[in-house]
Structures are given as C-alpha cells and as structure tokens.
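Listing of upload.cif, mmCIF, C-alpha atoms, pLDDT in the B column; chains and numbers go by the auth columns
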data_coords
loop_
_atom_site.group_PDB
_atom_site.id
_atom_site.type_symbol
_atom_site.label_atom_id
_atom_site.label_comp_id
_atom_site.label_asym_id
_atom_site.label_seq_id
_atom_site.Cartn_x
_atom_site.Cartn_y
_atom_site.Cartn_z
_atom_site.B_iso_or_equiv
_atom_site.auth_seq_id
_atom_site.auth_asym_id
ATOM 1 C CA HIS A 1 96.972 -29.337 64.604 44.00 157 A
ATOM 2 C CA ALA A 2 94.111 -30.909 62.726 57.00 158 A
ATOM 3 C CA LYS A 3 92.541 -27.712 61.442 71.00 159 A
ATOM 4 C CA GLY A 4 95.815 -26.438 59.933 83.00 160 A
ATOM 5 C CA SER A 5 96.535 -29.880 58.507 81.00 161 A
ATOM 6 C CA SER A 6 93.098 -30.042 56.902 83.00 162 A
ATOM 7 C CA GLU A 7 93.627 -26.598 55.411 90.00 163 A
ATOM 8 C CA ALA A 8 97.055 -27.615 54.074 89.00 164 A
ATOM 9 C CA GLY A 9 95.414 -30.657 52.510 86.00 165 A
ATOM 10 C CA ALA A 10 92.802 -28.523 50.765 90.00 166 A
ATOM 11 C CA ILE A 11 95.467 -26.120 49.466 93.00 167 A
ATOM 12 C CA LEU A 12 97.704 -28.909 48.195 92.00 168 A
ATOM 13 C CA ASP A 13 94.796 -30.682 46.565 91.00 169 A
ATOM 14 C CA SER A 14 93.921 -27.507 44.643 93.00 170 A
ATOM 15 C CA ILE A 15 97.582 -27.020 43.636 94.00 171 A
ATOM 16 C CA TYR A 16 97.786 -30.649 42.478 92.00 172 A
ATOM 17 C CA ARG A 17 94.657 -30.252 40.348 92.00 173 A
ATOM 18 C CA HIS A 18 95.782 -26.874 38.978 93.00 174 A
ATOM 19 C CA TYR A 19 99.105 -28.324 37.779 93.00 175 A
ATOM 20 C CA LYS A 20 97.452 -31.535 36.565 91.00 176 A
ATOM 21 C CA GLY A 21 99.561 -33.776 38.771 86.00 177 A
ATOM 22 C CA SER A 22 102.951 -32.407 37.754 91.00 178 A
ATOM 23 C CA VAL A 23 103.853 -31.427 41.337 92.00 179 A
ATOM 24 C CA LYS A 24 105.052 -33.664 44.160 92.00 180 A
ATOM 25 C CA PHE A 25 104.412 -33.184 47.862 92.00 181 A
ATOM 26 C CA ILE A 26 106.185 -34.521 50.917 90.00 182 A
ATOM 27 C CA GLY A 27 104.297 -34.519 54.197 87.00 183 A
ATOM 28 C CA VAL A 28 106.303 -34.713 57.406 86.00 184 A
ATOM 29 C CA GLY A 29 104.729 -35.493 60.743 81.00 185 A
ATOM 30 C CA GLU A 30 104.646 -37.310 64.013 80.00 186 A
ATOM 31 C CA ILE A 31 101.220 -38.798 63.448 77.00 187 A
ATOM 32 C CA HIS A 32 101.417 -42.471 62.503 76.00 188 A
ATOM 33 C CA PRO A 33 100.550 -43.030 58.824 71.00 189 A
ATOM 34 C CA SER A 34 97.611 -45.250 59.790 75.00 190 A
ATOM 35 C CA LYS A 35 96.021 -42.240 61.547 76.00 191 A
ATOM 36 C CA VAL A 36 96.706 -39.601 58.884 69.00 192 A
ATOM 37 C CA LYS A 37 93.291 -38.802 57.458 65.00 193 A
ATOM 38 C CA ILE A 38 94.366 -36.567 54.597 62.00 194 A
ATOM 39 C CA ALA A 39 94.628 -38.348 51.261 71.00 195 A
ATOM 40 C CA ILE A 40 96.382 -35.967 48.905 78.00 196 A
ATOM 41 C CA PRO A 41 97.303 -37.124 45.412 79.00 197 A
ATOM 42 C CA GLY A 42 101.022 -36.805 44.739 79.00 198 A
ATOM 43 C CA MET A 43 102.006 -36.884 48.431 85.00 199 A
ATOM 44 C CA ASP A 44 104.545 -39.079 50.133 87.00 200 A
ATOM 45 C CA TYR A 45 104.332 -39.025 53.921 86.00 201 A
ATOM 46 C CA VAL A 46 107.405 -39.344 56.127 89.00 202 A
ATOM 47 C CA PHE A 47 106.616 -40.422 59.673 89.00 203 A
ATOM 48 C CA ALA A 48 108.837 -39.117 62.489 91.00 204 A
ATOM 49 C CA PRO A 49 112.008 -38.570 60.467 92.00 205 A
ATOM 50 C CA SER A 50 115.385 -38.484 62.190 92.00 206 A
ATOM 51 C CA ARG A 51 117.293 -35.183 62.232 88.00 207 A
ATOM 52 C CA ASP A 52 119.398 -36.339 59.266 92.00 208 A
ATOM 53 C CA GLU A 53 116.308 -37.483 57.329 93.00 209 A
ATOM 54 C CA LEU A 54 114.568 -34.170 58.013 91.00 210 A
ATOM 55 C CA ALA A 55 117.633 -32.223 56.829 89.00 211 A
ATOM 56 C CA ASP A 56 117.660 -34.305 53.633 93.00 212 A
ATOM 57 C CA ILE A 57 113.944 -33.648 53.054 93.00 213 A
ATOM 58 C CA MET A 58 114.380 -29.909 53.572 91.00 214 A
ATOM 59 C CA ALA A 59 117.336 -29.814 51.180 91.00 215 A
ATOM 60 C CA LYS A 60 115.076 -31.274 48.460 92.00 216 A
ATOM 61 C CA THR A 61 112.135 -28.950 49.177 94.00 217 A
ATOM 62 C CA ASP A 62 111.433 -25.971 46.915 96.00 218 A
ATOM 63 C CA ILE A 63 108.401 -24.595 48.768 97.00 219 A
ATOM 64 C CA TRP A 64 107.358 -25.240 52.370 96.00 220 A
ATOM 65 C CA LEU A 65 103.720 -24.754 53.362 96.00 221 A
ATOM 66 C CA GLY A 66 102.951 -24.112 57.025 93.00 222 A
ATOM 67 C CA CYS A 67 99.272 -23.705 57.890 92.00 223 A
ATOM 68 C CA SER A 68 99.526 -23.804 61.669 90.00 224 A
ATOM 69 C CA HIS A 69 96.997 -21.861 63.699 91.00 225 A
ATOM 70 C CA THR A 70 99.170 -21.787 66.815 88.00 226 A
ATOM 71 C CA GLU A 71 102.880 -22.277 66.103 83.00 227 A
ATOM 72 C CA GLY A 72 104.169 -18.949 67.417 79.00 228 A
ATOM 73 C CA LEU A 73 107.798 -20.030 67.494 79.00 229 A
ATOM 74 C CA GLY A 74 107.812 -21.203 63.879 82.00 230 A
ATOM 75 C CA ARG A 75 110.322 -24.002 64.434 85.00 231 A
ATOM 76 C CA MET A 76 109.244 -26.043 61.397 87.00 232 A
ATOM 77 C CA ALA A 77 109.488 -22.963 59.181 92.00 233 A
ATOM 78 C CA LEU A 78 113.000 -22.390 60.482 92.00 234 A
ATOM 79 C CA GLU A 79 113.844 -26.023 59.686 91.00 235 A
ATOM 80 C CA ALA A 80 112.584 -25.468 56.126 94.00 236 A
ATOM 81 C CA MET A 81 114.617 -22.273 55.856 96.00 237 A
ATOM 82 C CA THR A 82 117.798 -24.218 56.651 93.00 238 A
ATOM 83 C CA GLY A 83 117.276 -25.980 53.316 94.00 239 A
ATOM 84 C CA ALA A 84 116.562 -22.675 51.515 96.00 240 A
ATOM 85 C CA ALA A 85 112.946 -23.635 50.885 97.00 241 A
ATOM 86 C CA ALA A 86 110.698 -20.689 50.093 98.00 242 A
ATOM 87 C CA CYS A 87 108.133 -20.662 52.900 98.00 243 A
ATOM 88 C CA VAL A 88 104.426 -19.880 52.705 98.00 244 A
ATOM 89 C CA LEU A 89 103.239 -19.451 56.273 97.00 245 A
ATOM 90 C CA THR A 90 100.327 -18.365 58.411 96.00 246 A
ATOM 91 C CA ASP A 91 100.701 -15.255 60.551 95.00 247 A
ATOM 92 C CA THR A 92 101.093 -16.952 63.926 93.00 248 A
ATOM 93 C CA GLY A 93 103.674 -14.531 65.309 90.00 249 A
ATOM 94 C CA ALA A 94 107.088 -16.084 64.692 90.00 250 A
ATOM 95 C CA GLU A 95 109.361 -13.115 65.364 90.00 251 A
ATOM 96 C CA PHE A 96 111.864 -13.940 62.618 93.00 252 A
ATOM 97 C CA VAL A 97 109.299 -14.180 59.776 95.00 253 A
ATOM 98 C CA VAL A 98 109.095 -11.119 57.520 97.00 254 A
ATOM 99 C CA ASP A 99 106.436 -11.206 54.799 98.00 255 A
ATOM 100 C CA GLY A 100 107.893 -10.648 51.354 97.00 256 A
ATOM 101 C CA LYS A 101 111.461 -10.972 52.607 98.00 257 A
ATOM 102 C CA ASN A 102 112.066 -14.457 54.010 98.00 258 A
ATOM 103 C CA ALA A 103 108.567 -15.906 53.592 98.00 259 A
ATOM 104 C CA LEU A 104 105.181 -15.187 52.095 98.00 260 A
ATOM 105 C CA VAL A 105 102.766 -14.795 54.999 98.00 261 A
ATOM 106 C CA ARG A 106 98.988 -15.014 54.855 98.00 262 A
ATOM 107 C CA SER A 107 96.271 -14.862 57.505 96.00 263 A
ATOM 108 C CA VAL A 108 95.253 -18.036 59.288 95.00 264 A
ATOM 109 C CA GLY A 109 92.424 -19.551 57.255 94.00 265 A
ATOM 110 C CA ASP A 110 93.222 -17.644 54.021 97.00 266 A
ATOM 111 C CA LEU A 111 93.392 -20.733 51.821 96.00 267 A
ATOM 112 C CA ASP A 112 93.077 -18.823 48.554 97.00 268 A
ATOM 113 C CA GLY A 113 95.834 -16.425 49.597 98.00 269 A
ATOM 114 C CA MET A 114 98.144 -19.281 50.502 98.00 270 A
ATOM 115 C CA ALA A 115 97.426 -21.136 47.264 97.00 271 A
ATOM 116 C CA ASN A 116 98.070 -17.924 45.318 98.00 272 A
ATOM 117 C CA ALA A 117 101.371 -17.436 47.176 98.00 273 A
ATOM 118 C CA ILE A 118 102.440 -20.963 46.200 98.00 274 A
ATOM 119 C CA ASN A 119 101.441 -20.276 42.595 97.00 275 A
ATOM 120 C CA ASP A 120 103.478 -17.041 42.665 98.00 276 A
ATOM 121 C CA LEU A 121 106.537 -18.972 43.868 98.00 277 A
ATOM 122 C CA ILE A 122 106.082 -21.649 41.204 97.00 278 A
ATOM 123 C CA ALA A 123 105.648 -19.068 38.431 97.00 279 A
ATOM 124 C CA ASP A 124 108.460 -16.736 39.510 98.00 280 A
ATOM 125 C CA ILE A 125 111.725 -18.601 40.078 97.00 281 A
ATOM 126 C CA GLY A 126 113.465 -15.319 40.939 98.00 282 A
ATOM 127 C CA LEU A 127 110.993 -14.685 43.761 98.00 283 A
ATOM 128 C CA ARG A 128 111.309 -18.296 44.932 98.00 284 A
ATOM 129 C CA LYS A 129 115.107 -18.049 45.036 98.00 285 A
ATOM 130 C CA ALA A 130 115.076 -14.645 46.762 98.00 286 A
ATOM 131 C CA ILE A 131 112.664 -15.817 49.478 98.00 287 A
ATOM 132 C CA GLY A 132 114.586 -19.089 49.879 98.00 288 A
ATOM 133 C CA PHE A 133 117.981 -17.357 50.123 98.00 289 A
ATOM 134 C CA SER A 134 116.702 -14.797 52.625 98.00 290 A
ATOM 135 C CA GLY A 135 115.129 -17.609 54.642 97.00 291 A
ATOM 136 C CA TYR A 136 118.440 -19.477 54.630 97.00 292 A
ATOM 137 C CA GLU A 137 120.235 -16.348 55.879 97.00 293 A
ATOM 138 C CA THR A 138 117.572 -16.012 58.599 96.00 294 A
ATOM 139 C CA ALA A 139 118.114 -19.632 59.654 94.00 295 A
ATOM 140 C CA LYS A 140 121.889 -19.109 59.821 93.00 296 A
ATOM 141 C CA LYS A 141 121.425 -16.053 62.021 91.00 297 A
ATOM 142 C CA MET A 142 118.930 -17.825 64.278 88.00 298 A
ATOM 143 C CA ALA A 143 121.310 -20.783 64.641 81.00 299 A
ATOM 144 C CA ASP A 144 124.165 -18.539 65.811 80.00 300 A
ATOM 145 C CA PRO A 145 124.443 -19.198 69.570 77.00 301 A
ATOM 146 C CA SER A 146 126.372 -15.973 70.340 84.00 302 A
ATOM 147 C CA GLU A 147 123.394 -13.974 71.636 79.00 303 A
ATOM 148 C CA LEU A 148 122.077 -16.922 73.644 75.00 304 A
ATOM 149 C CA LEU A 149 125.506 -17.490 75.203 84.00 305 A
ATOM 150 C CA HIS A 150 125.853 -13.794 76.022 86.00 306 A
ATOM 151 C CA ASN A 151 122.412 -13.727 77.671 85.00 307 A
ATOM 152 C CA LEU A 152 123.161 -16.911 79.579 86.00 308 A
ATOM 153 C CA GLU A 153 126.439 -15.447 80.854 92.00 309 A
ATOM 154 C CA GLN A 154 124.518 -12.351 82.008 91.00 310 A
ATOM 155 C CA VAL A 155 122.041 -14.503 83.949 92.00 311 A
ATOM 156 C CA ILE A 156 124.831 -16.541 85.547 93.00 312 A
ATOM 157 C CA ALA A 157 126.763 -13.380 86.478 92.00 313 A
ATOM 158 C CA SER A 158 123.654 -11.846 88.071 93.00 314 A
ATOM 159 C CA VAL A 159 123.029 -14.991 90.140 92.00 315 A
ATOM 160 C CA LEU A 160 126.639 -15.264 91.310 85.00 316 A
#
Let me see the structure of the file written as structure tokens.
Amino acid sequence: HAKGSSEAGAILDSIYRHYKGSVKFIGVGEIHPSKVKIAIPGMDYVFAPSRDELADIMAKTDIWLGCSHTEGLGRMALEAMTGAAACVLTDTGAEFVVDGKNALVRSVGDLDGMANAINDLIADIGLRKAIGFSGYETAKKMADPSELLHNLEQVIASVL
C-alpha cells in the first residue's frame, strides 16, 4: 500500500538521520526493485523472498515496522514475530496484537509516534526483548493448528 510505504520511508529516513547512519534497514516486498520509489539511506531491499529467505530475514531483524493502513489480519507482523522481532505497528485491527505486550501500536498516520516507539525500542533493550519474546510466544500460539482442526472437525460433523 503506497501510502503506508511512503510513511514507513519517512519514518526510517528520520531514524537514519537521528542515528547518523548507524542503523541498517531491510525492506521486503513484492514490488520489483525497479518500481520501488522510496530511496532510503541504509536500506537493502529484498524482492519476493522465498519462505526460507523470509525466515532468515526475520531471524536477523531486531525491530519490524508495519505502517499498513489496511492489513487487518497482520500476517507480516506475525511473520516478524516468528523471528522475535519487536514490532511497531499501526492499529489496523489484527486480533492478536496487544499494545505494550507483543507490539507497540500507534494510530495510522502517527509518524512521530511510530518513530518514538522505534527510538524507545532502540534505547531500552529490556523493552525490545520483552516485546520480541511476547511476540514470539504469540506467533507460536497462532501457529498451533489445534483450534483450527477442532473447528474444522465441527464443521465436517455438522455437514455429515
């Protein structure tokens, strides 16, 4: 979503300038690099990574920034949580996201709030680890197929 991507670019640019280039960013997307219009210093862009490549990226990520305006399911945030990345997310309604527990959540369009949340995570390693660990536990729970299988069995039983 272009608007969220543009906002992420503005946030990352301000973070890069604030830390005088001592931070590194990895952008992940399905838009071909020739069409990506955001030029952010310190960013490597990975185009359409495989599942294994994405898992490797997430395992190396300390903080995940999600600026979506519409991603109600929060699948990319959940992917980041599998690598124990501390997530800074917009409030788009993902049911598993709990502000201050497994992510830091700010309103859509609150660029200053999101940048401040990233700064808080950089400055406070204890907070970063707590949010990352709780996110990892959330991802483990969400990956457990038991409830889905139970619900599927209920549907099948009601049809038969």
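Straight-line separation from atom CA of Cys243 of chain A to atom CA of Leu260 of chain A: 6.3 Å.
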Separation of atom CA of Gly183 of chain A from atom CA of Phe289 of chain A, in Å and rounded to one decimal: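 Separating atom CA of Gly183 of chain A from atom CA of Phe289 of chain A is a distance of 22.3 Å.
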Residue contacts of segment 184-187 of chain A (6 Å, all atoms listed in the file) excluding same-chain residues fewer than 2 positions away, as a ChimeraX atom specification: /A:201-204
Could you please take those selected residues and save C-alpha atoms as a PDB file, in the coordinates of the input?
ATOM      1  CA  TYR A 201     104.332 -39.025  53.921  1.00 86.00           C
ATOM      2  CA  VAL A 202     107.405 -39.344  56.127  1.00 89.00           C
ATOM      3  CA  PHE A 203     106.616 -40.422  59.673  1.00 89.00           C
ATOM      4  CA  ALA A 204     108.837 -39.117  62.489  1.00 91.00           C
TER       5      ALA A 204
END
Cut-off 10 Å around (104.9, -25.4, 53.1) with all atoms listed in the file: residues as number ranges by chain: A: 164, 168, 181-183, 217-223, 232-233, 236, 241-246, 270, 274
Nearest to Ser290 of chain A, chosen from A:Pro205, A:Gly249, A:Gly256, A:Gly160, with all atoms listed in the file counted in the distances: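 Selected residue with least distance to Ser290 of chain A: A:Gly256.
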Proximity to Gly291 of chain A - best of A:Leu267, A:Leu305, A:Leu234, A:Leu316, all atoms listed in the file: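 Of the candidates, the smallest distance to Gly291 of chain A is held by A:Leu234.
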Residue among A:Pro301, A:Gly288, A:Gly177, A:Gly165 lying closest to Met237 of chain A, counting all atoms listed in the file: A:Gly288
Counting all atoms listed in the file, the option among A:Leu210, A:Leu304, A:Ala250, A:Val264 closest to Ser224 of chain A: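 Of A:Leu210, A:Leu304, A:Ala250, A:Val264, the one nearest Ser224 of chain A, counting all atoms listed in the file, is A:Val264.
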